[in-house]
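Novice: To start, I am sharing the structure in question, which I have written as structure tokens.
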Amino acid sequence: MTLASPVSRRLRRCLLAAAALVAAAPAFAGPATLPALPESALRPVVADGAIVAGARGLWAVPGYGDLYALSADGASMYHYAGGLCWPVGVASDTILDQAAAYYGRSARPRDLVIASSRQGTQLHAVGLNRLPEACAAPIDRSRPLYTFDAVALTLKSLYAYNRERNLDWNARIARLRPTAARARSDAELRPVMAELLRGVDDLHTALSGETDGRRFEIQGQRGAHFNRLRQRYDRQPHELAFLDWLQTWIARERTQADAQLLPGTRRSALDGQVVWGRLPGGVGYLAVTAMAGAGGGEAEQRAAAGRAIDAALGDLKDTRALVFDVAHNLGGLDMVSAEIAARFADRERLAYTKQPYADARVQPQPLRIAPAPTARYLKPVYLLTSEFTCSAGETFTMMMRTFPHVVQVGQATQGIFSDALVKLLPNGWSFSLSNEIYRDARGESFEARGLPPDRYASVYPAQESAGSYGRALRRVAQWAAQR
């Protein structure tokens with residue numbers, strides 16, 4: 001494959017190492033030498049209105065395919081893959097607030113840790129002496145073939161679940177690149193990209209944009225009912241994206257849960273994202289449909305979610321058991337999940353570890369859940385999940401499964417644990433993919449298959465059945481009442 005232009009030797013070594021790792025089986029066969037830093041070692045990148053001297057420089061992040069340029073003048077960002085490199089049109093303040101708010105130095109020379117928050121994902125970056133030539137080359141990066149190569153090489157370099165989803169990117173790229181080379185517009189390229197992503201049943205791996213004035217989205221998912229809903233959505237034009245449209249379906253399904261609550265006990269917070277009440281038999285009910293607060297940054301969202309859960313648990317403290325319903329939780333922020341899970345922690349426990357697939361230097365970063373200093377619920381908890389339990393809803397489930405008084409019931413979750421790594425493409429399209437390995441406290445990954453329940457209840461059966469969610473909830477409530 002012809003590359004756009006040469007890159008610096010150091011960045012080339014990173015790219016070659018990443019390509020070798022993708023081909024390796026299993027991943028992370030080599031030694032991992034870079035541990036996660038303690039939260040106390042991370043310091044703000046900005047002080048007194050300027051980027052601090054210790055964080056300045058050019059920093060390539062091999063496991064994520066990003067390059068940060070941090071200087072006294074501000075921050076800029078590039079994406080790179082397989083020898084391609086393109087600037088990202090994101091404001092300096094946005095980069096510093098959402099991606100590079102904190103930094104820390106590891107024991108390795110020229111290694112910098114970048115994080116969006118002290119509790120967030122730690123990105124291990126390699127220091128560069130100069131901006132790679134590929135990043136500054138005066139070429140037209142908006143042409144269709146460049147877009148195809150940028151997506152294809154990013155998948156080849158960084159996608160973490162080729163084996164689990166039986167994907168051969170080399171074969172796909174070889175078959176489709178000649179067609180992409182003939183595309184004269186984004187509209188002609190779009191079906192080629194759909195074929196590149198065909199069968200990738202990963203909600204975190206998606207391509208969206210606009211052609212001929214109309215929005216499009218290429219995305220897959222797992223689960224019989226999830227697929228049925230996608231087919232319904234595709235049969236007619238919509239102004240809403242699929243996951244936004246899905247929220248309207250979820251709102252209708254949620255009325256089945258409301259019908260199970262004892263009269264006069266229903267309460268809600270965060271615009272209905274958190275709902276609680278009482279079920280027959282002295283059982284409490286709590287549902288969370290998104291791991292998010294009421295807007296603002298991560299800290300504000302964590303605080304808002306914490307307040308809502310504290311209010312719910314205060315009302316339900318005299319119940320004998322709790323049904324915690326995340327059967328329609330499409331995700332959000334892992335740190336909001338951690339904030340909620342802390343209300344159920346009996347003691348500090350390891351919930352999971354995460355690490356980038358394409359950087360064997362990096363050791364797993366642990367996520368531990370310690371008891372919250374506020375309200376806690378340590379009586380039996382029945383955590384209801386389904387194929388619509390996704391992303392941060394699944395990391396929450398993984399957190400809760402570590403507590404001895406929690407039982408997962410219902411159906412297996414969606415199986416998309418990795419953060420969605422977002423790439424903004426030069427032609428204005430947006431692309432995301434799964435590039436991280438999450439493992440539970442026992443070291444097991446559940447990507448592409450989901451977390452299986454301890455006790456099965458048919459929330460959404462393979463053959464569509466109206467009212468199945470309400471029936472499953474009644475069954476779980478009966479189990480809880482018998483404890």
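Chains: A, B, ... in order of the structure tokens. Residues: from 1 per chain. Ligands: from 1, in order shown.
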Any chance you could tabulate, as a tab-separated table, the residues of stretch 321-422 of chain A at most 8 Å from stretch 282-304 of chain A with each one's nearest atom pair and distance in Å to one decimal, using only C-alpha atoms, in chain and rising number order?
Specialist:
```
residue	atom	partner	partner_atom	distance
A:Ala321	CA	A:Val283	CA	5.1
A:Leu322	CA	A:Gly284	CA	4.5
A:Val323	CA	A:Tyr285	CA	4.9
A:Phe324	CA	A:Leu286	CA	4.9
A:Asp325	CA	A:Ala287	CA	4.4
A:Val326	CA	A:Val288	CA	5.7
A:Ala327	CA	A:Thr289	CA	7.8
A:His328	CA	A:Thr289	CA	5.6
A:Asn329	CA	A:Thr289	CA	4.1
A:Leu330	CA	A:Ala290	CA	6.1
A:Gly331	CA	A:Ala290	CA	5.4
A:Gly332	CA	A:Met291	CA	4.4
A:Leu333	CA	A:Met291	CA	5.6
A:Asp334	CA	A:Met291	CA	7.3
A:Met335	CA	A:Arg302	CA	6.9
A:Val336	CA	A:Arg302	CA	4.9
A:Ser337	CA	A:Met291	CA	5.8
A:Glu339	CA	A:Arg302	CA	6.1
A:Ala392	CA	A:Met291	CA	6.5
A:Gly393	CA	A:Met291	CA	6.8
```
Novice: For the residues in that selection, give me C-alpha atoms as a PDB file, in the first residue's frame.
Specialist:
```pdb
ATOM      1  CA  ALA A 321     -33.856  -6.412  48.921  1.00  0.00           C
ATOM      2  CA  LEU A 322     -33.395  -4.298  45.809  1.00  0.00           C
ATOM      3  CA  VAL A 323     -33.969  -4.856  42.110  1.00  0.00           C
ATOM      4  CA  PHE A 324     -31.446  -2.638  40.307  1.00  0.00           C
ATOM      5  CA  ASP A 325     -32.537  -2.340  36.686  1.00  0.00           C
ATOM      6  CA  VAL A 326     -29.934  -1.508  34.046  1.00  0.00           C
ATOM      7  CA  ALA A 327     -31.676  -3.518  31.320  1.00  0.00           C
ATOM      8  CA  HIS A 328     -31.919  -0.386  29.132  1.00  0.00           C
ATOM      9  CA  ASN A 329     -28.687   1.364  30.095  1.00  0.00           C
ATOM     10  CA  LEU A 330     -26.928   2.323  26.847  1.00  0.00           C
ATOM     11  CA  GLY A 331     -23.852   3.649  28.652  1.00  0.00           C
ATOM     12  CA  GLY A 332     -22.195   6.948  29.444  1.00  0.00           C
ATOM     13  CA  LEU A 333     -19.141   7.571  31.623  1.00  0.00           C
ATOM     14  CA  ASP A 334     -17.280   4.808  33.460  1.00  0.00           C
ATOM     15  CA  MET A 335     -16.553   7.208  36.301  1.00  0.00           C
ATOM     16  CA  VAL A 336     -20.279   7.819  36.762  1.00  0.00           C
ATOM     17  CA  SER A 337     -20.670   4.044  36.918  1.00  0.00           C
ATOM     18  CA  GLU A 339     -19.709   6.739  41.549  1.00  0.00           C
ATOM     19  CA  ALA A 392     -20.585   2.020  30.779  1.00  0.00           C
ATOM     20  CA  GLY A 393     -23.691   0.045  31.747  1.00  0.00           C
TER      21      GLY A 393
END
```
Novice: Any idea what's packed within 7 Å of A:Leu262, counting only C-alpha atoms, ignoring anything in its chain fewer than 4 positions away? Could you give it as a ChimeraX atom specification?
Specialist: /A:278-280
Novice: I need the strand (DSSP E or B) residues of stretch 55-268 of chain A per DSSP on the backbone, written as an MDAnalysis selection string.
Specialist: chainID A and resid 57:61 66:71 74:81 84:88 102:105 111:115 123:128 206:211 214:219 267:268
Novice: Return as JSON lines the residues of stretch 172-215 of chain A lying at most 12 Å from stretch 447-465 of chain A, together with the closest atom-to-atom pair for each and the distance in Å to one decimal, counting only C-alpha atoms, with rows in chain order and ascending residue number.
Specialist:
```
{"residue": "A:Val200", "atom": "CA", "partner": "A:Ala448", "partner_atom": "CA", "distance": 9.9}
{"residue": "A:Asp201", "atom": "CA", "partner": "A:Ala448", "partner_atom": "CA", "distance": 7.9}
{"residue": "A:Asp202", "atom": "CA", "partner": "A:Ala448", "partner_atom": "CA", "distance": 7.4}
{"residue": "A:Leu203", "atom": "CA", "partner": "A:Ala448", "partner_atom": "CA", "distance": 10.3}
{"residue": "A:His204", "atom": "CA", "partner": "A:Ala448", "partner_atom": "CA", "distance": 11.1}
{"residue": "A:Thr205", "atom": "CA", "partner": "A:Ala448", "partner_atom": "CA", "distance": 12.0}
```
Novice: Please, could you write that set of residues out with N, CA and C atoms as a PDB file, in the first residue's frame?
Specialist:
```pdb
ATOM      1  N   VAL A 200     -19.324  -6.164  11.517  1.00  0.00           N
ATOM      2  CA  VAL A 200     -18.627  -5.781  12.743  1.00  0.00           C
ATOM      3  C   VAL A 200     -19.707  -5.394  13.760  1.00  0.00           C
ATOM      4  N   ASP A 201     -20.148  -6.363  14.553  1.00  0.00           N
ATOM      5  CA  ASP A 201     -21.291  -6.145  15.449  1.00  0.00           C
ATOM      6  C   ASP A 201     -20.846  -5.484  16.746  1.00  0.00           C
ATOM      7  N   ASP A 202     -20.293  -4.295  16.601  1.00  0.00           N
ATOM      8  CA  ASP A 202     -19.679  -3.561  17.701  1.00  0.00           C
ATOM      9  C   ASP A 202     -20.209  -2.130  17.662  1.00  0.00           C
ATOM     10  N   LEU A 203     -21.061  -1.783  18.619  1.00  0.00           N
ATOM     11  CA  LEU A 203     -21.646  -0.448  18.639  1.00  0.00           C
ATOM     12  C   LEU A 203     -20.609   0.654  18.790  1.00  0.00           C
ATOM     13  N   HIS A 204     -19.444   0.327  19.335  1.00  0.00           N
ATOM     14  CA  HIS A 204     -18.399   1.331  19.497  1.00  0.00           C
ATOM     15  C   HIS A 204     -17.574   1.534  18.231  1.00  0.00           C
ATOM     16  N   THR A 205     -17.775   0.691  17.231  1.00  0.00           N
ATOM     17  CA  THR A 205     -17.055   0.829  15.972  1.00  0.00           C
ATOM     18  C   THR A 205     -18.053   1.284  14.912  1.00  0.00           C
TER      19      THR A 205
END
```
Novice: Looking at only C-alpha atoms, which of A:Leu112, A:Ala100, A:Ala134, A:Ala152 is the one that sits closest to A:Gly54?
Specialist: A:Leu112
Novice: Near A:Pro138, counting only C-alpha atoms, which residues have an atom at most 12 Å away, once you skip same-chain residues fewer than 2 positions from it, shown as a ChimeraX atom specification?
Specialist: /A:4-5,85-87,133-136,140-142
Novice: Create the file for the chosen residues now, containing N, CA, C and O atoms and written as a PDB file, in the first residue's frame.
Specialist:
```
ATOM      1  N   ALA A   4       1.270   8.081   2.318  1.00  0.00           N
ATOM      2  CA  ALA A   4       1.220   9.489   1.908  1.00  0.00           C
ATOM      3  C   ALA A   4       2.611  10.107   1.889  1.00  0.00           C
ATOM      4  O   ALA A   4       2.969  10.810   0.975  1.00  0.00           O
ATOM      5  N   SER A   5       3.395   9.873   2.916  1.00  0.00           N
ATOM      6  CA  SER A   5       4.729  10.454   2.990  1.00  0.00           C
ATOM      7  C   SER A   5       5.465   9.797   4.143  1.00  0.00           C
ATOM      8  O   SER A   5       4.869   9.140   4.993  1.00  0.00           O
ATOM      9  N   CYS A  85      -1.014  10.682   8.653  1.00  0.00           N
ATOM     10  CA  CYS A  85      -1.154  11.580   9.801  1.00  0.00           C
ATOM     11  C   CYS A  85      -1.952  12.793   9.363  1.00  0.00           C
ATOM     12  O   CYS A  85      -1.681  13.362   8.302  1.00  0.00           O
ATOM     13  N   TRP A  86      -2.937  13.169  10.160  1.00  0.00           N
ATOM     14  CA  TRP A  86      -3.751  14.319   9.784  1.00  0.00           C
ATOM     15  C   TRP A  86      -4.108  15.150  11.011  1.00  0.00           C
ATOM     16  O   TRP A  86      -4.318  14.610  12.100  1.00  0.00           O
ATOM     17  N   PRO A  87      -4.146  16.477  10.859  1.00  0.00           N
ATOM     18  CA  PRO A  87      -4.495  17.346  11.985  1.00  0.00           C
ATOM     19  C   PRO A  87      -5.976  17.244  12.320  1.00  0.00           C
ATOM     20  O   PRO A  87      -6.807  16.971  11.459  1.00  0.00           O
ATOM     21  N   GLU A 133       6.893  14.300   9.285  1.00  0.00           N
ATOM     22  CA  GLU A 133       6.626  14.907   7.989  1.00  0.00           C
ATOM     23  C   GLU A 133       5.230  14.577   7.489  1.00  0.00           C
ATOM     24  O   GLU A 133       4.571  15.392   6.830  1.00  0.00           O
ATOM     25  N   ALA A 134       4.744  13.372   7.799  1.00  0.00           N
ATOM     26  CA  ALA A 134       3.409  12.979   7.339  1.00  0.00           C
ATOM     27  C   ALA A 134       2.327  13.881   7.905  1.00  0.00           C
ATOM     28  O   ALA A 134       1.260  14.029   7.304  1.00  0.00           O
ATOM     29  N   CYS A 135       2.573  14.494   9.058  1.00  0.00           N
ATOM     30  CA  CYS A 135       1.558  15.342   9.692  1.00  0.00           C
ATOM     31  C   CYS A 135       1.460  16.713   9.047  1.00  0.00           C
ATOM     32  O   CYS A 135       0.426  17.380   9.168  1.00  0.00           O
ATOM     33  N   ALA A 136       2.534  17.143   8.394  1.00  0.00           N
ATOM     34  CA  ALA A 136       2.572  18.488   7.826  1.00  0.00           C
ATOM     35  C   ALA A 136       2.623  18.499   6.305  1.00  0.00           C
ATOM     36  O   ALA A 136       2.669  19.570   5.697  1.00  0.00           O
ATOM     37  N   ASP A 140      -3.859  16.776  -0.236  1.00  0.00           N
ATOM     38  CA  ASP A 140      -5.311  16.840  -0.058  1.00  0.00           C
ATOM     39  C   ASP A 140      -5.761  15.611   0.735  1.00  0.00           C
ATOM     40  O   ASP A 140      -5.904  14.519   0.173  1.00  0.00           O
ATOM     41  N   ARG A 141      -5.993  15.811   2.006  1.00  0.00           N
ATOM     42  CA  ARG A 141      -6.394  14.690   2.865  1.00  0.00           C
ATOM     43  C   ARG A 141      -7.893  14.427   2.828  1.00  0.00           C
ATOM     44  O   ARG A 141      -8.355  13.463   3.449  1.00  0.00           O
ATOM     45  N   SER A 142      -8.644  15.258   2.148  1.00  0.00           N
ATOM     46  CA  SER A 142     -10.098  15.066   2.105  1.00  0.00           C
ATOM     47  C   SER A 142     -10.531  14.169   0.953  1.00  0.00           C
ATOM     48  O   SER A 142     -11.718  13.856   0.835  1.00  0.00           O
TER      49      SER A 142
END
```
Novice: Atom CA of A:Val126 and atom CA of A:Asp111 are how many Å apart?
Specialist: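 About the pair atom CA of A:Val126 and atom CA of A:Asp111: they are 5.2 Å apart.
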Novice: Please, what distance in Å, to one decimal, runs between atom CA of A:Ala125 and atom CA of A:Ala370?
Specialist: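 Going from atom CA of A:Ala125 over to atom CA of A:Ala370 covers 29.0 Å.
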Novice: Per DSSP on the backbone, filter stretch 250-377 of chain A down to the residues in alpha helix (DSSP H) and report them as an MDAnalysis selection string.
Specialist: chainID A and resid 250:258 298:315 334:341
Novice: Name the closest residue to A:Gly428 among the candidates A:Arg198, A:Lys317, A:His124, A:Arg215; distances are taken between atoms, counting only C-alpha atoms.
Specialist: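 The closest residue to A:Gly428 is A:Arg215.
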Novice: Mind pulling up the distance from atom CA of A:Ala32 to atom CA of A:Ile437?
Specialist: 13.9 Å
Novice: Counting only C-alpha atoms, which of A:Phe388, A:Trp429, A:Arg235, A:Gly443 gets nearest to A:Arg190?
Specialist: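 Ranked by minimum distance to A:Arg190, first place goes to A:Trp429.
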